[in-house]
>>> print(open('start.txt').read())   # compact mmCIF, C-alpha atoms
# COMPACT_ATOMS: atom_id res chain seq x y z
CA MET A 1 4.77 -0.99 -70.23
CA LYS A 2 6.03 -4.21 -71.75
CA TYR A 3 3.86 -6.88 -73.34
CA ALA A 4 4.14 -10.43 -74.63
CA ILE A 5 2.20 -12.36 -77.21
CA ILE A 6 1.97 -15.87 -75.81
CA ASP A 7 0.37 -19.18 -76.74
CA THR A 8 -3.21 -19.12 -75.47
CA ALA A 9 -3.09 -22.73 -74.25
CA ALA A 10 0.17 -22.14 -72.37
CA GLY A 11 -1.22 -19.00 -70.76
CA ARG A 12 -4.38 -20.81 -69.72
CA ALA A 13 -2.24 -23.58 -68.17
CA LYS A 14 -0.45 -20.92 -66.09
CA GLY A 15 -3.76 -19.47 -64.87
CA ILE A 16 -4.21 -16.59 -67.32
CA ASN A 17 -7.82 -16.33 -68.50
CA PRO A 18 -7.99 -15.74 -72.29
CA ALA A 19 -11.45 -14.19 -71.92
CA HIS A 20 -9.78 -11.09 -70.47
CA HIS A 21 -7.20 -10.59 -73.21
CA LEU A 22 -6.83 -9.63 -76.85
CA LEU A 23 -6.76 -12.79 -78.93
CA PHE A 24 -5.57 -13.32 -82.46
CA ALA A 25 -8.18 -14.26 -85.05
CA ASP A 26 -7.59 -18.01 -84.61
CA ASP A 27 -7.41 -17.74 -80.77
CA SER A 28 -3.98 -19.41 -80.79
CA LYS A 29 -2.18 -16.38 -79.30
CA MET A 30 -3.06 -13.74 -76.75
CA MET A 31 -1.48 -10.54 -75.50
CA VAL A 32 -0.56 -10.08 -71.85
CA ASN A 33 1.19 -7.25 -70.05
CA GLU A 34 4.23 -7.30 -67.81
CA ASN A 35 2.16 -7.40 -64.62
CA GLU A 36 0.52 -10.64 -65.74
CA LEU A 37 3.89 -12.07 -66.73
CA ARG A 38 5.13 -11.39 -63.18
CA LEU A 39 2.38 -13.66 -61.85
CA VAL A 40 4.19 -16.50 -63.62
CA SER A 41 7.78 -15.40 -62.84
CA GLN A 42 9.45 -12.25 -61.53
CA ASP A 43 11.67 -12.45 -64.62
CA ILE A 44 9.23 -11.36 -67.33
CA ASP A 45 11.46 -12.64 -70.13
CA GLU A 46 11.51 -16.08 -68.53
CA ALA A 47 7.73 -16.00 -68.04
CA ALA A 48 7.11 -15.07 -71.68
CA ARG A 49 9.44 -17.82 -72.94
CA ALA A 50 7.72 -20.38 -70.70
CA MET A 51 4.46 -19.58 -72.51
CA GLY A 52 5.88 -19.58 -76.03
CA GLY A 53 6.37 -15.84 -76.37
CA GLU A 54 8.80 -13.00 -75.97
CA VAL A 55 8.68 -9.60 -74.32
CA ILE A 56 7.94 -6.72 -76.71
CA THR A 57 7.40 -2.97 -76.45
CA HIS A 58 4.03 -1.25 -76.71
CA GLU A 59 4.82 -0.13 -80.26
CA GLN A 60 5.77 -3.65 -81.32
CA ALA A 61 2.58 -4.99 -79.76
CA ILE A 62 0.40 -2.57 -81.74
CA THR A 63 2.17 -3.47 -84.99
CA LYS A 64 1.84 -7.21 -84.39
CA LEU A 65 -1.84 -6.88 -83.56
CA LYS A 66 -2.52 -4.95 -86.74
CA ILE A 67 -0.85 -7.68 -88.81
CA LEU A 68 -1.93 -10.83 -87.00
CA ARG A 69 -5.54 -10.04 -86.07
CA LYS A 70 -6.67 -9.80 -89.72
>>> encode(input="start.txt", output="structure tokens")
Amino acid sequence: MKYAIIDTAAGRAKGINPAHHLLFADDSKMMVNENELRLVSQDIDEAARAMGGEVITHEQAITKLKILRK
């Protein structure tokens, strides 16, 4: 599974509800999975970029959450 950490406001504008996602401490970023990215675009890299993020692996997602959710 692939993930992306995107701007919360950009995700909300594309119809992704932040209430259903992991948010960073300041609520500025949220994590979404590849299935949610495909709701924005079939090209998940393009979808992530459109919402201020980039596609990352599961391991990268866990590491970023540990650092950024403090």
>>> atom_distance(input="start.txt", atom1="atom CA of A:Ile62", atom2="atom CA of A:Asp43")
22.8 Å
>>> closest_residue(input="start.txt", among="A:Ala47, A:Ala61, A:Val55, A:Val40", to="A:Leu22", atoms="only C-alpha atoms")
A:Ala61
>>> atom_distance(input="start.txt", atom1="atom CA of A:Ala9", atom2="atom CA of A:Ile56")
19.6 Å
>>> atom_distance(input="start.txt", atom1="atom CA of A:Asp45", atom2="atom CA of A:Met31")
14.2 Å
>>> residues_around(input="start.txt", residues="A:Met1", least_positions_apart="4", cutoff="12 Å", atoms="all atoms listed in the file", output="ChimeraX atom specification")
/A:32-37,44,55-61
>>> closest_residue(input="start.txt", among="A:Lys29, A:Arg12, A:Lys2, A:His20", to="A:Leu65", atoms="only C-alpha atoms")
A:Lys29
>>> residues_around(input="start.txt", residues="A:Asp27", least_positions_apart="3", cutoff="9 Å", atoms="all atoms listed in the file", output="JSON, numbers by chain")
{"A": [7, 8, 18, 23, 24, 30]}
>>> build_atoms(input="start.txt", residues="stretch 51-63 of chain A", atoms="N, CA, C and O atoms", output="CSV table (one decimal), keeping the file's coordinate frame")
chain,number,residue,atom,x,y,z
A,51,MET,N,5.8,-19.5,-71.9
A,51,MET,CA,4.5,-19.6,-72.5
A,51,MET,C,4.5,-19.4,-74.0
A,51,MET,O,3.6,-19.0,-74.7
A,52,GLY,N,5.7,-19.6,-74.6
A,52,GLY,CA,5.9,-19.6,-76.0
A,52,GLY,C,5.9,-18.2,-76.6
A,52,GLY,O,5.6,-18.0,-77.8
A,53,GLY,N,6.3,-17.2,-75.9
A,53,GLY,CA,6.4,-15.8,-76.4
A,53,GLY,C,7.7,-15.1,-76.1
A,53,GLY,O,8.6,-15.8,-75.6
A,54,GLU,N,7.7,-13.8,-76.3
A,54,GLU,CA,8.8,-13.0,-76.0
A,54,GLU,C,8.3,-11.6,-75.6
A,54,GLU,O,7.2,-11.2,-76.0
A,55,VAL,N,9.1,-10.9,-74.8
A,55,VAL,CA,8.7,-9.6,-74.3
A,55,VAL,C,8.9,-8.6,-75.5
A,55,VAL,O,9.9,-8.7,-76.2
A,56,ILE,N,7.9,-7.7,-75.6
A,56,ILE,CA,7.9,-6.7,-76.7
A,56,ILE,C,7.5,-5.4,-76.1
A,56,ILE,O,6.9,-5.3,-75.1
A,57,THR,N,7.8,-4.3,-76.9
A,57,THR,CA,7.4,-3.0,-76.4
A,57,THR,C,6.0,-2.7,-76.9
A,57,THR,O,5.4,-3.5,-77.6
A,58,HIS,N,5.4,-1.6,-76.4
A,58,HIS,CA,4.0,-1.2,-76.7
A,58,HIS,C,3.9,-1.1,-78.2
A,58,HIS,O,2.9,-1.5,-78.8
A,59,GLU,N,4.9,-0.4,-78.8
A,59,GLU,CA,4.8,-0.1,-80.3
A,59,GLU,C,4.9,-1.4,-81.1
A,59,GLU,O,4.1,-1.6,-82.0
A,60,GLN,N,5.7,-2.4,-80.6
A,60,GLN,CA,5.8,-3.6,-81.3
A,60,GLN,C,4.5,-4.4,-81.2
A,60,GLN,O,4.0,-5.1,-82.1
A,61,ALA,N,3.8,-4.3,-80.0
A,61,ALA,CA,2.6,-5.0,-79.8
A,61,ALA,C,1.5,-4.5,-80.7
A,61,ALA,O,0.7,-5.3,-81.3
A,62,ILE,N,1.4,-3.2,-80.9
A,62,ILE,CA,0.4,-2.6,-81.7
A,62,ILE,C,0.6,-3.0,-83.2
A,62,ILE,O,-0.3,-3.4,-83.9
A,63,THR,N,1.9,-3.0,-83.6
A,63,THR,CA,2.2,-3.5,-85.0
A,63,THR,C,1.8,-4.9,-85.2
A,63,THR,O,1.2,-5.3,-86.2
